[in-house]
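Report on the structure given below.
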Amino acid sequence: MPRQQQPVRPARRRSYDQFCAAARALDSVGDRWTLLIVRELLGGPRRYTDLHADLPGVSTDVLASRLKDMEQGGLAVRRKLPPPAPASVYELTERGLGLLPVLTALSVWGAPALDERQPTDAVRAHWFALPLLRALDGLTHPGVVEVALEEGEFHLRIGEGAPAAGVYGLGSADRPDARLVLDAELCLELGRGGTTLAEAVKDGRIEVSGDTPLAAEIRGE
């Protein structure tokens with residue numbers, strides 16, 4: 001007798017099935033690693049290999065699965081770079097970029113838990129971009145701010161149009177409007193409101209260089 005075929009079970013739809021905005025949001029970004037992928041893509045388009053390198057602990061299978069879910073959910077798109085760099089990159093859509101205030105709020109909420117760095121903690125310089133963006137939010141002059149930490153360098157794009165270009169970038173900037181030299185601990189202190197940008201500059205805890213209106217504003221001139 002032929003073996004009876006087992007009925008195919010429909011794929012389980014990952015949803016809280018609740019008519020609630022918070023529940024719907026978690027349907028999209030509540031899986032482990034998803035918001036951290038968003039954090040990386042807030043810096044602009046990234047290759048899969050670069051994402052994997054800056055997300056220590058994520059498996060290749062999980063990363064691929066989360067990126068696929070983000071594409072299907074309208075949070076990210078994948079596109080090919082033009083020659084001579086035949087590579088594919090992932091970047092956030094406008095809806096994905098809308099998660100910036102969510103990540104900013106989470107970084108503020110989580111900052112008190114960073115009282116001491118554990119020996120097993122990975123760290124990347126650009127992970128301090130979100131706390132520092134909050135401290136720079138009140139500046140009136142738009143531009144690019146290059147930030148130098150002991151852990152490395154990154155740059156922030158502040159002012160009108162910044163999210164469309166990526167709110168931060170990896171490494172040094174081509175032509176920064178201002179350059180800040182400080183330490184990671186101060187970045188966190190600024191992000192959680194323990195001190196202000198003006199106070200840190202006045203106390204000499206931030207070294208500011210540049211001859212643009214933005215640099216002058218940061219120096220309080």
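Each chain in the structure tokens gets a letter, A, B and so on, in the order shown; residues start at 1 in every chain, and ligands are counted from 1 in the order they appear.
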
For this session: Would you list the contacts of Gly96 in chain A as a PyMOL selection string, taking every protein, DNA or RNA residue within 7 Å and counting only C-alpha atoms, but skipping same-chain residues closer than 3 positions in sequence?
Result: chain A and resi 75-76+92-93+99

Selection export as a compact mmCIF listing (two decimals), in the first residue's frame, atoms kept: N, CA and C atoms:
```txt
# COMPACT_ATOMS: atom_id res chain seq x y z
N LEU A 75 11.03 47.13 5.65
CA LEU A 75 11.97 47.90 6.47
C LEU A 75 13.30 48.13 5.76
N ALA A 76 13.66 47.23 4.86
CA ALA A 76 14.95 47.31 4.18
C ALA A 76 14.82 46.80 2.75
N LEU A 92 18.06 50.78 4.61
CA LEU A 92 16.75 50.99 5.18
C LEU A 92 15.84 51.75 4.22
N THR A 93 14.57 51.40 4.26
CA THR A 93 13.56 52.18 3.57
C THR A 93 13.17 53.37 4.45
N LEU A 99 12.59 54.18 12.46
CA LEU A 99 12.91 53.54 13.73
C LEU A 99 14.02 54.26 14.49
```

Problem set entry | Shell of 9 Å around range 194-197 of chain A, only C-alpha atoms, local chain residues under 4 positions omitted, as number ranges by chain | A: 135-136, 186, 188-190, 201-202, 206, 218

Exercise. Running DSSP on the backbone, which parts of range 24-183 of chain A land in strand (DSSP E or B), as a PyMOL selection string?
Worked result: chain A and resi 46+76-80+88-92+143-149+152-158+168-170+178-181

For this session: Could you give me the residues within range 21-155 of chain A that DSSP places in alpha helix (DSSP H), as number ranges by chain?
Result: A: 21-29, 34-41, 48-53, 60-72, 94-97, 100-110, 129-135

Enumerate, in order of chain and increasing residue number, the residues of range 3-71 of chain A with an atom no farther than 12 Å from range 105-119 of chain A, each with its shortest atom pair and distance in Å to one decimal, counting only C-alpha atoms, as JSON lines.
```
{"residue": "A:Leu35", "atom": "CA", "partner": "A:Leu106", "partner_atom": "CA", "distance": 10.0}
{"residue": "A:Leu36", "atom": "CA", "partner": "A:Leu106", "partner_atom": "CA", "distance": 11.0}
{"residue": "A:Arg39", "atom": "CA", "partner": "A:Ser107", "partner_atom": "CA", "distance": 10.5}
```

Write a file of the just-selected residues containing N, CA and C atoms, as an mmCIF file, in the first residue's frame.
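Saved to out-v5.cif:
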```
data_model
loop_
_atom_site.group_PDB
_atom_site.id
_atom_site.type_symbol
_atom_site.label_atom_id
_atom_site.label_comp_id
_atom_site.auth_asym_id
_atom_site.auth_seq_id
_atom_site.Cartn_x
_atom_site.Cartn_y
_atom_site.Cartn_z
ATOM 1 N N LEU A 35 16.432 44.772 15.639
ATOM 2 C CA LEU A 35 16.695 46.175 15.928
ATOM 3 C C LEU A 35 18.185 46.497 15.874
ATOM 4 N N LEU A 36 19.028 45.528 16.175
ATOM 5 C CA LEU A 36 20.462 45.779 16.071
ATOM 6 C C LEU A 36 20.898 45.854 14.605
ATOM 7 N N ARG A 39 20.071 49.287 13.715
ATOM 8 C CA ARG A 39 21.122 50.173 14.232
ATOM 9 C C ARG A 39 22.285 50.255 13.257
#
```

Problem set entry | Atom-to-atom span, CA of Gly220 in chain A and CA of Arg157 in chain A, Å | 19.4 Å

Exercise. Which of these, A:Arg205, A:Glu217, A:Leu51, A:Pro83, has the shortest distance to Cys187 in chain A once you count only C-alpha atoms?
Worked result: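 Using only C-alpha atoms, the shortest distance to Cys187 in chain A belongs to A:Arg205.
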